[in-house]
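Peer 1: query_0.cif is reproduced in full below (mmCIF, C-alpha atoms).
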```cif
data_final
#
loop_
_atom_site.label_atom_id
_atom_site.label_comp_id
_atom_site.auth_asym_id
_atom_site.auth_seq_id
_atom_site.Cartn_x
_atom_site.Cartn_y
_atom_site.Cartn_z
CA MET Q 45 0.00 0.00 0.00
CA LEU Q 46 3.00 2.29 -0.13
CA SER Q 47 2.71 2.81 -3.86
CA GLU Q 48 0.19 5.40 -4.95
CA GLU Q 49 -2.53 3.81 -7.05
CA ARG Q 50 -2.64 5.03 -10.62
CA SER Q 51 -6.42 4.80 -10.46
CA GLY Q 52 -6.39 7.31 -7.63
CA ARG Q 53 -4.39 9.81 -9.66
CA LEU Q 54 -6.57 9.36 -12.74
CA ALA Q 55 -9.81 9.76 -10.78
CA ALA Q 56 -8.61 12.75 -8.73
CA TRP Q 57 -7.14 14.75 -11.59
CA GLY Q 58 -9.83 13.62 -14.01
CA ASN Q 59 -12.42 15.02 -11.63
CA ALA Q 60 -10.54 18.32 -11.36
CA LEU Q 61 -10.33 18.51 -15.14
CA LEU Q 62 -14.04 17.80 -15.63
CA ALA Q 63 -14.84 20.51 -13.08
CA GLY Q 64 -12.70 23.03 -14.97
CA LEU Q 65 -10.24 23.43 -12.09
CA VAL Q 66 -7.11 22.35 -14.00
CA SER Q 67 -6.01 22.36 -17.63
CA PRO Q 68 -5.84 19.14 -19.69
CA ASP Q 69 -2.05 19.36 -19.81
CA ASP Q 70 -1.72 19.74 -16.04
CA ALA Q 71 -4.17 16.91 -15.39
CA VAL Q 72 -2.39 14.48 -17.72
CA LEU Q 73 1.02 15.44 -16.32
CA ALA Q 74 -0.20 14.67 -12.79
CA VAL Q 75 -1.78 11.36 -13.81
CA VAL Q 76 1.24 10.10 -15.72
CA GLY Q 77 3.64 11.02 -12.92
CA ASP Q 78 6.92 9.13 -13.28
CA ASP Q 79 5.58 6.80 -15.98
CA ALA Q 80 6.66 7.24 -19.59
CA VAL Q 81 3.22 7.38 -21.18
CA HIS Q 82 -0.44 6.47 -20.60
CA ARG Q 83 -2.82 5.40 -23.35
CA VAL Q 84 -6.47 4.33 -23.39
CA GLU Q 85 -7.65 1.31 -25.39
CA GLY Q 86 -11.22 0.30 -26.24
CA LEU Q 87 -12.64 3.80 -26.15
CA PRO Q 88 -15.94 4.08 -28.06
CA GLY Q 89 -15.37 5.58 -31.49
CA GLU Q 90 -11.65 4.76 -31.58
CA SER Q 91 -10.09 1.83 -33.44
CA GLY Q 92 -6.91 1.74 -31.36
CA PRO Q 93 -5.18 3.19 -28.30
CA VAL Q 94 -5.30 6.97 -27.89
CA GLY Q 95 -3.55 9.47 -25.67
CA LEU Q 96 -4.88 10.35 -22.26
CA THR Q 97 -5.80 13.92 -23.21
CA LEU Q 98 -7.97 12.79 -26.11
CA ALA Q 99 -9.46 9.98 -24.00
CA LEU Q 100 -10.55 12.27 -21.19
CA GLY Q 101 -12.14 14.64 -23.69
CA ARG Q 102 -13.95 11.78 -25.39
CA LEU Q 103 -15.27 10.44 -22.08
CA ARG Q 104 -16.60 13.90 -21.27
CA SER Q 105 -18.40 14.00 -24.63
CA LEU Q 106 -19.88 10.56 -23.85
CA GLY Q 107 -21.51 11.97 -20.73
CA VAL Q 108 -18.94 11.28 -18.02
CA THR Q 109 -19.19 13.89 -15.24
CA GLY Q 110 -16.92 12.30 -12.64
CA PHE Q 111 -14.70 9.39 -11.69
CA ARG Q 112 -14.66 6.97 -8.77
CA VAL Q 113 -11.96 4.53 -7.65
CA ALA Q 114 -12.22 0.80 -6.99
CA LEU Q 115 -9.54 -1.09 -5.03
CA PRO Q 116 -10.80 -4.68 -5.00
CA ALA Q 117 -9.11 -7.65 -3.38
CA PRO Q 118 -10.05 -11.36 -3.32
CA GLY Q 119 -13.37 -11.65 -1.52
CA HIS Q 120 -13.77 -7.88 -1.32
CA PRO Q 121 -15.11 -6.17 -4.50
CA LEU Q 122 -14.45 -2.72 -3.03
CA GLY Q 123 -15.83 0.03 -5.26
CA LEU Q 124 -17.05 -2.27 -8.03
CA SER Q 125 -20.57 -2.49 -9.45
CA GLY Q 126 -20.20 -5.10 -12.23
CA PRO Q 127 -20.57 -6.66 -14.68
CA PRO Q 128 -18.47 -9.77 -13.89
CA GLU Q 129 -16.11 -9.21 -16.83
CA PHE Q 130 -15.12 -5.77 -15.60
CA ASN Q 131 -14.92 -6.93 -11.99
CA ALA Q 132 -12.59 -9.80 -12.92
CA ARG Q 133 -10.21 -7.52 -14.79
CA ALA Q 134 -10.25 -4.95 -12.00
CA LEU Q 135 -9.59 -7.66 -9.41
CA GLU Q 136 -6.60 -8.88 -11.40
CA ALA Q 137 -5.18 -5.34 -11.53
CA GLU Q 138 -6.29 -4.65 -7.92
CA GLU Q 139 -7.56 -1.25 -9.00
CA ALA Q 140 -9.86 0.48 -11.48
CA VAL Q 141 -11.60 3.75 -12.27
CA VAL Q 142 -15.38 3.78 -12.66
CA ALA Q 143 -16.96 6.67 -14.53
CA PHE Q 144 -19.99 8.52 -13.20
CA GLY Q 145 -22.60 9.77 -15.66
CA ALA Q 146 -21.87 7.16 -18.35
CA PRO Q 147 -21.39 3.36 -18.08
CA TYR Q 148 -17.64 3.05 -18.59
CA GLY Q 149 -14.72 1.86 -16.50
CA LEU Q 150 -10.95 1.94 -16.91
CA VAL Q 151 -8.53 -0.76 -15.76
CA PRO Q 152 -4.75 -0.18 -15.99
CA GLU Q 153 -2.26 -2.63 -17.44
CA VAL Q 154 1.37 -1.81 -16.71
CA TYR Q 155 4.29 -2.67 -18.96
CA GLU Q 156 7.89 -2.37 -17.78
CA ALA Q 157 11.07 -2.57 -19.84
CA GLY Q 158 14.72 -1.75 -19.32
CA PRO Q 159 17.44 -2.61 -16.79
CA ASP Q 160 17.07 -2.30 -13.03
CA GLY Q 161 17.25 1.32 -12.01
CA ASP Q 162 16.24 2.55 -15.45
CA LEU Q 163 12.81 1.03 -16.02
CA HIS Q 164 10.62 2.41 -18.78
CA VAL Q 165 6.98 2.19 -17.67
CA GLU Q 166 3.99 2.43 -19.98
CA VAL Q 167 0.36 2.12 -18.91
CA VAL Q 168 -2.57 1.07 -21.07
CA TRP Q 169 -6.01 1.77 -19.63
CA HIS Q 170 -8.62 -0.67 -20.92
CA CYS Q 171 -12.01 0.99 -21.32
CA LEU Q 172 -14.85 -1.45 -20.63
CA PRO Q 173 -18.60 -1.23 -20.01
CA VAL Q 174 -19.74 -1.13 -16.38
CA ARG Q 175 -23.06 -1.48 -14.63
CA GLU Q 176 -24.54 1.76 -13.37
CA ALA Q 177 -25.12 0.90 -9.72
CA PRO Q 178 -23.84 2.03 -6.31
CA PRO Q 179 -20.22 0.92 -5.71
CA ALA Q 180 -19.69 -1.96 -3.30
CA ASP Q 181 -18.73 -1.38 0.34
CA VAL Q 182 -17.59 2.26 0.11
CA PRO Q 183 -18.01 4.18 3.39
CA SER Q 184 -18.71 7.86 3.79
CA LEU Q 185 -15.76 10.10 4.64
CA GLY Q 186 -16.98 10.38 8.21
CA GLU Q 187 -17.25 6.62 8.60
CA ALA Q 188 -13.84 6.12 7.01
CA GLU Q 189 -12.19 8.61 9.34
CA ARG Q 190 -13.65 6.95 12.44
CA GLU Q 191 -12.73 3.47 11.22
CA LEU Q 192 -9.19 4.59 10.41
CA ALA Q 193 -8.56 6.09 13.83
CA GLU Q 194 -9.46 2.76 15.41
CA ALA Q 195 -7.49 0.82 12.78
CA LEU Q 196 -4.37 2.88 13.46
CA ARG Q 197 -4.59 2.05 17.16
CA GLU Q 198 -5.11 -1.63 16.36
CA ALA Q 199 -2.20 -1.75 13.90
CA THR Q 200 0.16 -0.14 16.41
CA ALA Q 201 -0.97 -2.52 19.14
CA VAL Q 202 -0.52 -5.57 16.91
CA LEU Q 203 3.02 -4.57 15.92
CA SER Q 204 3.93 -3.96 19.54
CA ARG Q 205 2.36 -7.17 20.85
CA LEU Q 206 4.00 -9.36 18.20
CA ASP Q 207 7.32 -7.50 18.51
CA VAL Q 208 7.52 -6.70 14.82
CA ALA Q 209 10.71 -4.76 14.30
CA GLY Q 210 10.28 -1.08 13.55
CA SER Q 211 13.79 -0.53 12.28
CA GLY Q 212 16.14 -2.00 9.72
CA PRO Q 213 16.71 -1.23 6.05
CA VAL Q 214 13.26 -2.29 4.81
CA ALA Q 215 11.41 -0.31 7.46
CA GLU Q 216 13.66 2.70 6.96
CA ALA Q 217 13.09 2.60 3.21
CA ALA Q 218 9.33 2.41 3.79
CA VAL Q 219 9.38 5.41 6.10
CA ASP Q 220 11.59 7.37 3.68
CA ALA Q 221 9.20 6.60 0.81
CA TYR Q 222 6.23 7.76 2.84
CA ARG Q 223 7.95 10.95 3.94
CA ALA Q 224 9.11 11.75 0.41
CA ARG Q 225 5.61 11.33 -0.92
CA ALA Q 226 4.20 13.43 1.91
CA GLU Q 227 6.69 16.22 1.18
CA ARG Q 228 5.74 16.43 -2.47
CA GLY Q 229 2.24 15.09 -1.98
CA ARG Q 230 0.38 18.19 -1.03
CA GLU Q 231 -1.35 17.40 -4.33
CA ALA Q 232 -2.15 13.80 -3.42
CA LEU Q 233 -5.69 14.89 -4.15
CA ALA Q 234 -6.31 17.34 -6.94
CA PRO Q 235 -7.91 20.79 -6.59
CA GLY Q 236 -11.58 20.73 -5.62
CA TYR Q 237 -11.40 17.97 -3.02
CA PRO Q 238 -12.64 18.76 0.51
CA PRO Q 239 -9.96 19.03 3.21
CA ARG Q 240 -11.48 16.08 5.04
CA ALA Q 241 -10.81 13.84 2.02
CA VAL Q 242 -7.15 14.87 2.05
CA ARG Q 243 -6.95 14.13 5.77
CA VAL Q 244 -8.57 10.71 5.36
CA LEU Q 245 -6.27 9.77 2.48
CA GLU Q 246 -3.16 10.79 4.42
CA LEU Q 247 -4.28 8.75 7.43
CA ALA Q 248 -5.07 5.75 5.22
CA GLN Q 249 -1.57 5.95 3.75
CA ARG Q 250 -0.10 6.12 7.24
CA VAL Q 251 -1.98 2.96 8.24
CA GLY Q 252 -0.81 1.37 4.99
CA LEU Q 253 2.77 2.23 5.91
CA LEU Q 254 2.46 0.40 9.22
CA ILE Q 255 0.99 -2.64 7.49
CA SER Q 256 3.79 -2.67 4.92
CA VAL Q 257 6.41 -2.48 7.66
CA ALA Q 258 4.74 -5.34 9.50
CA TYR Q 259 4.63 -7.60 6.46
CA GLU Q 260 7.95 -6.69 4.87
CA ASN Q 261 10.34 -6.04 7.76
CA GLY Q 262 11.20 -9.63 8.56
CA HIS Q 263 9.33 -11.67 11.13
CA GLY Q 264 10.16 -9.57 14.16
CA GLY Q 265 9.22 -11.46 17.29
CA ALA Q 266 6.54 -13.45 15.45
CA VAL Q 267 8.90 -16.33 14.71
CA SER Q 268 6.56 -19.29 15.12
CA ALA Q 269 4.04 -20.30 12.48
CA SER Q 270 1.17 -19.62 14.87
CA GLU Q 271 2.50 -16.15 15.73
CA MET Q 272 2.97 -15.30 12.06
CA ALA Q 273 -0.56 -16.49 11.33
CA ALA Q 274 -1.87 -14.40 14.23
CA ARG Q 275 -0.13 -11.32 12.85
CA GLY Q 276 -1.66 -11.82 9.42
CA GLU Q 277 -5.10 -12.45 10.90
CA ALA Q 278 -4.90 -9.28 12.98
CA LEU Q 279 -3.63 -7.04 10.18
CA ARG Q 280 -5.95 -8.15 7.38
CA PRO Q 281 -8.99 -6.22 8.66
CA VAL Q 282 -6.79 -3.18 9.26
CA GLU Q 283 -5.57 -3.32 5.67
CA ARG Q 284 -9.18 -3.67 4.49
CA THR Q 285 -10.15 -0.56 6.47
CA ALA Q 286 -7.29 1.43 4.96
CA ARG Q 287 -8.31 0.45 1.43
CA ARG Q 288 -11.94 1.40 2.13
CA ALA Q 289 -10.79 4.78 3.39
CA GLN Q 290 -8.65 5.43 0.33
CA VAL Q 291 -11.62 4.75 -1.93
CA ALA Q 292 -13.84 7.01 0.18
CA ALA Q 293 -11.27 9.82 -0.11
CA TYR Q 294 -10.84 9.52 -3.87
CA ASN Q 295 -14.61 9.24 -4.39
CA ALA Q 296 -15.41 12.26 -2.22
CA PHE Q 297 -15.39 14.63 -5.19
CA VAL Q 298 -18.25 12.78 -6.89
CA GLU Q 299 -20.10 12.18 -3.63
CA GLU Q 300 -19.98 15.90 -2.79
CA ARG Q 301 -21.38 16.80 -6.22
CA GLU Q 302 -24.15 14.22 -5.89
CA ARG Q 303 -25.29 15.83 -2.64
#
```
Could you render the structure as structure tokens?

Peer 2:
Amino acid sequence: MLSEERSGRLAAWGNALLAGLVSPDDAVLAVVGDDAVHRVEGLPGESGPVGLTLALGRLRSLGVTGFRVALPAPGHPLGLSGPPEFNARALEAEEAVVAFGAPYGLVPEVYEAGPDGDLHVEVVWHCLPVREAPPADVPSLGEAERELAEALREATAVLSRLDVAGSGPVAEAAVDAYRARAERGREALAPGYPPRAVRVLELAQRVGLLISVAYENGHGGAVSASEMAARGEALRPVERTARRAQVAAYNAFVEERER
């Protein structure tokens, strides 16, 4: 959960673009980030992949007025509304963007090439039909904030109880990555998002950091199979809560407009 979801960037900056708060060039630059290029395939009226600027304009002309995020996991179709074909592809990617106002969804496929340390990353967004229905299991911002506060306490308690190490190269790299993103990430959510959404997203990322440290920083004191299983069992619902909160934060733009 340390990596920022591409679907989050596309939804956030796509929403700002549709609202007239940013220019197409600025929106696309923010979405692409450190990747080399993003294209959209399967767009109605196009015979092949097109650039992101053209794609966002075409989706607007098709009736799209906003974007939501889905972050599904096995057994948890978070943010999805069907049909099964779209859900399956989104589950494989572990993320997707679902349009509001027109029945389309976008699922990213990432291609990497080049030597270690000099990877060339291209992203193809597959545009597919979606069912126009409420997204699955997405809380309100208020619910997400309350759930996260409790989840953060639980995550900290679990790490302490199981003596999961909080130092070492992996943990330090995780903390550095989080801090670096926080320093430049005042635009983690694009213009137009309510301050509460920014706060919820930042807290969700902090919980995600703790989970990543717990899973990646060796076994800590949880050296037996039963202790390792207990750690996983305790952290899974915390991770689920953090994902739900991220979706609530990214979707807040559309939810605010609906109200």

Peer 1: Fewer than 2 positions away in the same chain doesn't count, so skip those; otherwise give me all residues within 8 Å of range 49-52 of chain Q, counting only C-alpha atoms, as an NGL selection string.

Peer 2: :Q and (47 or 54-56 or 75 or 113-114 or 139-141 or 151-152 or 294)

Peer 1: Could you tell me, as a list in words, exactly which residues end up selected when the PyMOL selection byres ((chain Q and resi 116-130) around 8) is applied to this structure?

Peer 2: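 When the PyMOL selection byres ((chain Q and resi 116-130) around 8) is applied, the selected residues are Arg112, Val113, Ala114, Leu115, Asn131, Ala132, Arg133, Ala134, Leu135, Glu138, Glu139, Val142, Gly149, Leu172, Pro173, Val174, Arg175, Glu176, Ala177, Pro178, Pro179, Ala180, Asp181, Val182, Arg288 and Val291 of chain Q.
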
Peer 1: Using C-alpha atoms, can you export the residues from the last selection as a CSV table (one decimal), in the frame of the given file?

Peer 2:
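Here's the written file selection.csv:
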```csv
chain,number,residue,atom,x,y,z
Q,112,ARG,CA,-14.7,7.0,-8.8
Q,113,VAL,CA,-12.0,4.5,-7.6
Q,114,ALA,CA,-12.2,0.8,-7.0
Q,115,LEU,CA,-9.5,-1.1,-5.0
Q,131,ASN,CA,-14.9,-6.9,-12.0
Q,132,ALA,CA,-12.6,-9.8,-12.9
Q,133,ARG,CA,-10.2,-7.5,-14.8
Q,134,ALA,CA,-10.2,-5.0,-12.0
Q,135,LEU,CA,-9.6,-7.7,-9.4
Q,138,GLU,CA,-6.3,-4.6,-7.9
Q,139,GLU,CA,-7.6,-1.2,-9.0
Q,142,VAL,CA,-15.4,3.8,-12.7
Q,149,GLY,CA,-14.7,1.9,-16.5
Q,172,LEU,CA,-14.8,-1.4,-20.6
Q,173,PRO,CA,-18.6,-1.2,-20.0
Q,174,VAL,CA,-19.7,-1.1,-16.4
Q,175,ARG,CA,-23.1,-1.5,-14.6
Q,176,GLU,CA,-24.5,1.8,-13.4
Q,177,ALA,CA,-25.1,0.9,-9.7
Q,178,PRO,CA,-23.8,2.0,-6.3
Q,179,PRO,CA,-20.2,0.9,-5.7
Q,180,ALA,CA,-19.7,-2.0,-3.3
Q,181,ASP,CA,-18.7,-1.4,0.3
Q,182,VAL,CA,-17.6,2.3,0.1
Q,288,ARG,CA,-11.9,1.4,2.1
Q,291,VAL,CA,-11.6,4.8,-1.9
```

Peer 1: Quick one: everything within 9 Å of Pro68 in chain Q, counting only C-alpha atoms, minus sequence neighbours fewer than 2 positions away in the same chain. Send it as an NGL selection string.

Peer 2: :Q and (58 or 61 or 66 or 70-73 or 97 or 100-101)

Peer 1: Given the choices Q:Ala157, Q:Ala146, Q:Ala137, Q:Ala63, which gets closest to Arg102 in chain Q if the distance is worked out from all atoms listed in the file?

Peer 2: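 Looking at the shortest contact to Arg102 in chain Q, the residue is Q:Ala146.
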
Peer 1: Could you give me, as a ChimeraX atom specification, the residues within 10 Å of Val282 in chain Q, counting only C-alpha atoms and dropping anything in the same chain fewer than 3 positions from it?

Peer 2: /Q:191-192,194-199,248,251-252,254-255,277-279,285-288
